[in-house]
file query_34.cif (mmCIF, N, CA and C atoms)
data_entry
loop_
_atom_site.label_atom_id
_atom_site.label_comp_id
_atom_site.auth_asym_id
_atom_site.auth_seq_id
_atom_site.Cartn_x
_atom_site.Cartn_y
_atom_site.Cartn_z
N MET E 156 0.82 -1.18 0.00
CA MET E 156 0.00 0.00 0.00
C MET E 156 0.87 1.26 0.00
N ALA E 157 2.00 1.20 0.68
CA ALA E 157 2.90 2.36 0.71
C ALA E 157 3.43 2.66 -0.70
N ILE E 158 3.77 1.62 -1.44
CA ILE E 158 4.26 1.80 -2.81
C ILE E 158 3.16 2.37 -3.69
N ALA E 159 1.93 1.85 -3.55
CA ALA E 159 0.81 2.34 -4.33
C ALA E 159 0.54 3.81 -4.03
N GLU E 160 0.57 4.16 -2.76
CA GLU E 160 0.33 5.55 -2.37
C GLU E 160 1.41 6.47 -2.93
N LYS E 161 2.64 6.03 -2.87
CA LYS E 161 3.77 6.82 -3.38
C LYS E 161 3.60 7.13 -4.86
N HIS E 162 3.06 6.18 -5.63
CA HIS E 162 2.96 6.32 -7.08
C HIS E 162 1.54 6.64 -7.56
N GLY E 163 0.62 6.88 -6.62
CA GLY E 163 -0.75 7.23 -7.00
C GLY E 163 -1.53 6.09 -7.65
N LEU E 164 -1.26 4.86 -7.21
CA LEU E 164 -1.91 3.68 -7.79
C LEU E 164 -3.08 3.22 -6.94
N ILE E 165 -4.05 2.60 -7.56
CA ILE E 165 -5.18 1.99 -6.86
C ILE E 165 -4.90 0.51 -6.74
N VAL E 166 -5.06 -0.04 -5.55
CA VAL E 166 -4.82 -1.46 -5.30
C VAL E 166 -6.16 -2.18 -5.28
N ILE E 167 -6.28 -3.18 -6.16
CA ILE E 167 -7.47 -4.04 -6.19
C ILE E 167 -7.02 -5.41 -5.70
N GLU E 168 -7.56 -5.81 -4.56
CA GLU E 168 -7.21 -7.11 -3.98
C GLU E 168 -8.04 -8.20 -4.63
N ASP E 169 -7.39 -9.21 -5.13
CA ASP E 169 -8.07 -10.41 -5.63
C ASP E 169 -8.22 -11.34 -4.43
N THR E 170 -9.37 -11.31 -3.80
CA THR E 170 -9.62 -12.10 -2.59
C THR E 170 -10.56 -13.27 -2.88
N CYS E 171 -10.58 -13.71 -4.12
CA CYS E 171 -11.54 -14.72 -4.55
C CYS E 171 -11.43 -16.04 -3.78
N GLN E 172 -10.26 -16.41 -3.34
CA GLN E 172 -10.10 -17.64 -2.57
C GLN E 172 -9.76 -17.34 -1.11
N GLY E 173 -9.93 -16.08 -0.70
CA GLY E 173 -9.51 -15.70 0.64
C GLY E 173 -10.64 -15.23 1.55
N VAL E 174 -11.88 -15.61 1.25
CA VAL E 174 -13.02 -15.19 2.06
C VAL E 174 -12.80 -15.59 3.51
N GLY E 175 -12.86 -14.63 4.42
CA GLY E 175 -12.67 -14.89 5.83
C GLY E 175 -11.24 -14.86 6.30
N GLY E 176 -10.31 -14.78 5.36
CA GLY E 176 -8.89 -14.77 5.72
C GLY E 176 -8.42 -13.39 6.15
N GLY E 177 -7.21 -13.33 6.65
CA GLY E 177 -6.67 -12.06 7.09
C GLY E 177 -5.17 -12.00 6.95
N TYR E 178 -4.64 -10.81 7.14
CA TYR E 178 -3.19 -10.58 7.08
C TYR E 178 -2.86 -9.46 8.04
N GLU E 179 -1.97 -9.72 8.96
CA GLU E 179 -1.52 -8.75 9.95
C GLU E 179 -2.69 -8.01 10.62
N GLY E 180 -3.68 -8.78 11.04
CA GLY E 180 -4.80 -8.22 11.79
C GLY E 180 -5.90 -7.57 10.97
N ARG E 181 -5.79 -7.62 9.65
CA ARG E 181 -6.83 -7.04 8.77
C ARG E 181 -7.44 -8.12 7.91
N LYS E 182 -8.73 -8.03 7.68
CA LYS E 182 -9.42 -9.00 6.83
C LYS E 182 -9.05 -8.77 5.36
N LEU E 183 -8.89 -9.87 4.64
CA LEU E 183 -8.61 -9.77 3.21
C LEU E 183 -9.80 -9.11 2.53
N GLY E 184 -9.51 -8.23 1.61
CA GLY E 184 -10.54 -7.46 0.93
C GLY E 184 -10.67 -6.06 1.51
N SER E 185 -10.04 -5.82 2.66
CA SER E 185 -10.10 -4.49 3.28
C SER E 185 -8.73 -3.81 3.33
N ILE E 186 -7.73 -4.45 2.79
CA ILE E 186 -6.37 -3.91 2.85
C ILE E 186 -6.13 -2.92 1.70
N GLY E 187 -6.54 -3.30 0.50
CA GLY E 187 -6.38 -2.43 -0.66
C GLY E 187 -7.50 -1.41 -0.75
N HIS E 188 -7.55 -0.71 -1.86
CA HIS E 188 -8.61 0.26 -2.09
C HIS E 188 -9.92 -0.43 -2.46
N VAL E 189 -9.81 -1.57 -3.13
CA VAL E 189 -10.97 -2.35 -3.55
C VAL E 189 -10.68 -3.82 -3.28
N GLY E 190 -11.66 -4.54 -2.75
CA GLY E 190 -11.56 -5.98 -2.57
C GLY E 190 -12.52 -6.67 -3.52
N ALA E 191 -12.05 -7.61 -4.31
CA ALA E 191 -12.88 -8.31 -5.29
C ALA E 191 -13.05 -9.76 -4.86
N PHE E 192 -14.30 -10.20 -4.81
CA PHE E 192 -14.64 -11.56 -4.41
C PHE E 192 -15.38 -12.26 -5.54
N SER E 193 -15.07 -13.53 -5.74
CA SER E 193 -15.75 -14.34 -6.74
C SER E 193 -16.50 -15.46 -6.02
N PHE E 194 -17.72 -15.71 -6.45
CA PHE E 194 -18.54 -16.73 -5.80
C PHE E 194 -18.90 -17.87 -6.74
N ASN E 195 -18.06 -18.14 -7.75
CA ASN E 195 -18.43 -19.22 -8.67
C ASN E 195 -18.28 -20.58 -8.00
N TYR E 196 -18.65 -21.61 -8.69
CA TYR E 196 -18.76 -22.97 -8.15
C TYR E 196 -17.46 -23.48 -7.51
N TYR E 197 -16.32 -23.04 -8.00
CA TYR E 197 -15.03 -23.58 -7.53
C TYR E 197 -14.38 -22.75 -6.42
N LYS E 198 -15.02 -21.70 -5.96
CA LYS E 198 -14.44 -20.84 -4.93
C LYS E 198 -14.82 -21.33 -3.54
N ASN E 199 -14.20 -20.73 -2.52
CA ASN E 199 -14.46 -21.12 -1.13
C ASN E 199 -15.88 -20.81 -0.69
N MET E 200 -16.45 -19.72 -1.19
CA MET E 200 -17.83 -19.36 -0.91
C MET E 200 -18.55 -19.31 -2.26
N THR E 201 -19.55 -20.15 -2.44
CA THR E 201 -20.17 -20.26 -3.76
C THR E 201 -21.63 -19.83 -3.74
N CYS E 202 -22.10 -19.43 -4.91
CA CYS E 202 -23.53 -19.16 -5.12
C CYS E 202 -23.85 -19.38 -6.59
N GLY E 203 -23.17 -20.29 -7.22
CA GLY E 203 -23.35 -20.52 -8.65
C GLY E 203 -22.38 -19.66 -9.42
N GLU E 204 -22.78 -18.47 -9.78
CA GLU E 204 -21.92 -17.50 -10.45
C GLU E 204 -22.13 -16.14 -9.80
N GLY E 205 -21.19 -15.28 -9.95
CA GLY E 205 -21.33 -13.93 -9.41
C GLY E 205 -20.12 -13.54 -8.60
N GLY E 206 -20.24 -12.42 -7.95
CA GLY E 206 -19.14 -11.92 -7.15
C GLY E 206 -19.55 -10.70 -6.37
N GLY E 207 -18.61 -10.13 -5.68
CA GLY E 207 -18.87 -8.94 -4.89
C GLY E 207 -17.64 -8.07 -4.82
N ILE E 208 -17.88 -6.82 -4.52
CA ILE E 208 -16.82 -5.84 -4.41
C ILE E 208 -16.95 -5.13 -3.06
N ALA E 209 -15.84 -4.93 -2.38
CA ALA E 209 -15.81 -4.15 -1.14
C ALA E 209 -15.01 -2.89 -1.40
N VAL E 210 -15.63 -1.75 -1.16
CA VAL E 210 -14.96 -0.45 -1.38
C VAL E 210 -15.56 0.56 -0.40
N ASN E 211 -14.72 1.45 0.14
CA ASN E 211 -15.25 2.43 1.07
C ASN E 211 -14.98 3.87 0.63
N ASP E 212 -14.83 4.06 -0.65
CA ASP E 212 -14.58 5.38 -1.22
C ASP E 212 -15.64 5.64 -2.29
N ASP E 213 -16.40 6.71 -2.16
CA ASP E 213 -17.51 6.99 -3.08
C ASP E 213 -17.07 7.13 -4.53
N LYS E 214 -15.93 7.77 -4.77
CA LYS E 214 -15.46 7.95 -6.15
C LYS E 214 -15.06 6.61 -6.77
N LEU E 215 -14.38 5.77 -5.99
CA LEU E 215 -14.03 4.44 -6.49
C LEU E 215 -15.28 3.58 -6.68
N ALA E 216 -16.24 3.70 -5.77
CA ALA E 216 -17.48 2.93 -5.90
C ALA E 216 -18.19 3.26 -7.21
N GLU E 217 -18.19 4.53 -7.58
CA GLU E 217 -18.82 4.93 -8.85
C GLU E 217 -18.09 4.31 -10.03
N ARG E 218 -16.77 4.28 -9.98
CA ARG E 218 -15.99 3.66 -11.06
C ARG E 218 -16.27 2.16 -11.14
N VAL E 219 -16.37 1.52 -9.97
CA VAL E 219 -16.65 0.09 -9.92
C VAL E 219 -18.03 -0.19 -10.50
N ARG E 220 -19.02 0.62 -10.13
CA ARG E 220 -20.37 0.42 -10.67
C ARG E 220 -20.37 0.49 -12.19
N CYS E 221 -19.60 1.41 -12.75
CA CYS E 221 -19.53 1.54 -14.21
C CYS E 221 -18.83 0.35 -14.84
N ALA E 222 -17.89 -0.26 -14.13
CA ALA E 222 -17.20 -1.44 -14.67
C ALA E 222 -18.12 -2.66 -14.61
N ILE E 223 -18.91 -2.77 -13.55
CA ILE E 223 -19.83 -3.91 -13.41
C ILE E 223 -21.01 -3.77 -14.35
N ASP E 224 -21.57 -2.56 -14.43
CA ASP E 224 -22.73 -2.28 -15.27
C ASP E 224 -22.39 -1.05 -16.11
N PRO E 225 -21.92 -1.26 -17.35
CA PRO E 225 -21.50 -0.13 -18.17
C PRO E 225 -22.59 0.92 -18.38
N CYS E 226 -23.86 0.56 -18.18
CA CYS E 226 -24.94 1.53 -18.36
C CYS E 226 -25.29 2.25 -17.07
N HIS E 227 -24.67 1.90 -15.95
CA HIS E 227 -24.96 2.56 -14.67
C HIS E 227 -24.89 4.07 -14.80
N PHE E 228 -23.90 4.53 -15.52
CA PHE E 228 -23.69 5.96 -15.75
C PHE E 228 -24.96 6.60 -16.33
N TYR E 229 -25.60 5.89 -17.25
CA TYR E 229 -26.79 6.43 -17.91
C TYR E 229 -28.06 6.25 -17.08
N TRP E 230 -28.15 5.16 -16.35
CA TRP E 230 -29.34 4.92 -15.54
C TRP E 230 -29.46 5.94 -14.41
N HIS E 231 -28.33 6.38 -13.89
CA HIS E 231 -28.33 7.25 -12.71
C HIS E 231 -27.84 8.67 -13.02
N GLY E 232 -27.80 9.04 -14.25
CA GLY E 232 -27.34 10.38 -14.61
C GLY E 232 -25.83 10.43 -14.69
N HIS E 233 -25.35 11.52 -15.16
CA HIS E 233 -23.90 11.68 -15.30
C HIS E 233 -23.23 11.69 -13.95
N ALA E 234 -22.04 11.18 -13.91
CA ALA E 234 -21.27 11.13 -12.66
C ALA E 234 -21.09 12.54 -12.12
N THR E 235 -21.21 12.67 -10.83
CA THR E 235 -21.04 13.98 -10.23
C THR E 235 -19.55 14.22 -9.99
N THR E 236 -19.17 15.46 -10.01
CA THR E 236 -17.78 15.79 -9.69
C THR E 236 -17.70 16.06 -8.19
N ARG E 237 -16.74 15.46 -7.56
CA ARG E 237 -16.60 15.61 -6.11
C ARG E 237 -15.24 16.13 -5.79
#
call {"tool": "encode", "arguments": {"input": "query_34.cif", "output": "C-alpha cells"}}
result
Amino acid sequence: MAIAEKHGLIVIEDTCQGVGGGYEGRKLGSIGHVGAFSFNYYKNMTCGEGGGIAVNDDKLAERVRCAIDPCHFYWHGHATTR
C-alpha cells in the first residue's frame, strides 16, 4: 500500500479464494482500495456465479459500478464531480 500511495496507484485485492482470511490483523478485501470476491462454483464461498466488491470510497465505488454495469452511468445520470 505504501508503494501504491507513493505512485498514485489503486490497489485491487483479488480475494476470490480468501473469504474470511486475514493478514496482519486485517481482513482480506479491506487492505487495498478495492476488494474483489468471486462466488463461482469452484471458490471457497459459492452461489453458482457472481461476485462482490468491497470499497469504502464513493469515487471508487462509482468507477466500480460503471465497470460492473456499463450503463450505470446512464441509468443514474452523469457522474457527479466531487
call {"tool": "closest_residue", "arguments": {"input": "query_34.cif", "among": "E:Ala222, E:Val174, E:Ala191, E:Ile186", "to": "Ile208 of chain E", "atoms": "only C-alpha atoms"}}
result
E:Ala191
call {"tool": "atom_distance", "arguments": {"input": "query_34.cif", "atom1": "atom N of His188 of chain E", "atom2": "atom CA of Val166 of chain E"}}
result
4.5 Å
call {"tool": "resolve_selection", "arguments": {"input": "query_34.cif", "expression": "the PyMOL selection byres ((chain E and resi 169) around 6.5)", "output": "list of chain:residue names"}}
result
E:Ile167, E:Glu168, E:Thr170, E:Cys171, E:Gln172, E:Gly173, E:Gly190, E:Ala191, E:Phe192
call {"tool": "select_by_dssp", "arguments": {"input": "query_34.cif", "residues": "chain E", "states": "alpha helix (DSSP H)", "output": "ChimeraX atom specification"}}
result
/E:157-162,213-223,227-230
call {"tool": "build_atoms", "arguments": {"input": "query_34.cif", "residues": "segment 201-213 of chain E", "atoms": "N, CA, C and O atoms", "output": "PDB file, in the coordinates of the input"}}
result
ATOM      1  N   THR E 201     -19.550 -20.150  -2.440  1.00  0.00           N
ATOM      2  CA  THR E 201     -20.170 -20.260  -3.760  1.00  0.00           C
ATOM      3  C   THR E 201     -21.630 -19.830  -3.740  1.00  0.00           C
ATOM      4  O   THR E 201     -22.291 -19.859  -2.722  1.00  0.00           O
ATOM      5  N   CYS E 202     -22.100 -19.430  -4.910  1.00  0.00           N
ATOM      6  CA  CYS E 202     -23.530 -19.160  -5.120  1.00  0.00           C
ATOM      7  C   CYS E 202     -23.850 -19.380  -6.590  1.00  0.00           C
ATOM      8  O   CYS E 202     -24.686 -18.704  -7.152  1.00  0.00           O
ATOM      9  N   GLY E 203     -23.170 -20.290  -7.220  1.00  0.00           N
ATOM     10  CA  GLY E 203     -23.350 -20.520  -8.650  1.00  0.00           C
ATOM     11  C   GLY E 203     -22.380 -19.660  -9.420  1.00  0.00           C
ATOM     12  O   GLY E 203     -21.258 -20.054  -9.688  1.00  0.00           O
ATOM     13  N   GLU E 204     -22.780 -18.470  -9.780  1.00  0.00           N
ATOM     14  CA  GLU E 204     -21.920 -17.500 -10.450  1.00  0.00           C
ATOM     15  C   GLU E 204     -22.130 -16.140  -9.800  1.00  0.00           C
ATOM     16  O   GLU E 204     -23.147 -15.893  -9.168  1.00  0.00           O
ATOM     17  N   GLY E 205     -21.190 -15.280  -9.950  1.00  0.00           N
ATOM     18  CA  GLY E 205     -21.330 -13.930  -9.410  1.00  0.00           C
ATOM     19  C   GLY E 205     -20.120 -13.540  -8.600  1.00  0.00           C
ATOM     20  O   GLY E 205     -19.114 -14.244  -8.552  1.00  0.00           O
ATOM     21  N   GLY E 206     -20.240 -12.420  -7.950  1.00  0.00           N
ATOM     22  CA  GLY E 206     -19.140 -11.920  -7.150  1.00  0.00           C
ATOM     23  C   GLY E 206     -19.550 -10.700  -6.370  1.00  0.00           C
ATOM     24  O   GLY E 206     -20.712 -10.305  -6.379  1.00  0.00           O
ATOM     25  N   GLY E 207     -18.610 -10.130  -5.680  1.00  0.00           N
ATOM     26  CA  GLY E 207     -18.870  -8.940  -4.890  1.00  0.00           C
ATOM     27  C   GLY E 207     -17.640  -8.070  -4.820  1.00  0.00           C
ATOM     28  O   GLY E 207     -16.524  -8.517  -5.049  1.00  0.00           O
ATOM     29  N   ILE E 208     -17.880  -6.820  -4.520  1.00  0.00           N
ATOM     30  CA  ILE E 208     -16.820  -5.840  -4.410  1.00  0.00           C
ATOM     31  C   ILE E 208     -16.950  -5.130  -3.060  1.00  0.00           C
ATOM     32  O   ILE E 208     -18.054  -4.789  -2.650  1.00  0.00           O
ATOM     33  N   ALA E 209     -15.840  -4.930  -2.380  1.00  0.00           N
ATOM     34  CA  ALA E 209     -15.810  -4.150  -1.140  1.00  0.00           C
ATOM     35  C   ALA E 209     -15.010  -2.890  -1.400  1.00  0.00           C
ATOM     36  O   ALA E 209     -13.865  -2.960  -1.841  1.00  0.00           O
ATOM     37  N   VAL E 210     -15.630  -1.750  -1.160  1.00  0.00           N
ATOM     38  CA  VAL E 210     -14.960  -0.450  -1.380  1.00  0.00           C
ATOM     39  C   VAL E 210     -15.560   0.560  -0.400  1.00  0.00           C
ATOM     40  O   VAL E 210     -16.744   0.505  -0.118  1.00  0.00           O
ATOM     41  N   ASN E 211     -14.720   1.450   0.140  1.00  0.00           N
ATOM     42  CA  ASN E 211     -15.250   2.430   1.070  1.00  0.00           C
ATOM     43  C   ASN E 211     -14.980   3.870   0.630  1.00  0.00           C
ATOM     44  O   ASN E 211     -14.932   4.781   1.441  1.00  0.00           O
ATOM     45  N   ASP E 212     -14.830   4.060  -0.650  1.00  0.00           N
ATOM     46  CA  ASP E 212     -14.580   5.380  -1.220  1.00  0.00           C
ATOM     47  C   ASP E 212     -15.640   5.640  -2.290  1.00  0.00           C
ATOM     48  O   ASP E 212     -15.758   4.858  -3.236  1.00  0.00           O
ATOM     49  N   ASP E 213     -16.400   6.710  -2.160  1.00  0.00           N
ATOM     50  CA  ASP E 213     -17.510   6.990  -3.080  1.00  0.00           C
ATOM     51  C   ASP E 213     -17.070   7.130  -4.530  1.00  0.00           C
ATOM     52  O   ASP E 213     -17.747   6.649  -5.441  1.00  0.00           O
TER      53      ASP E 213
END
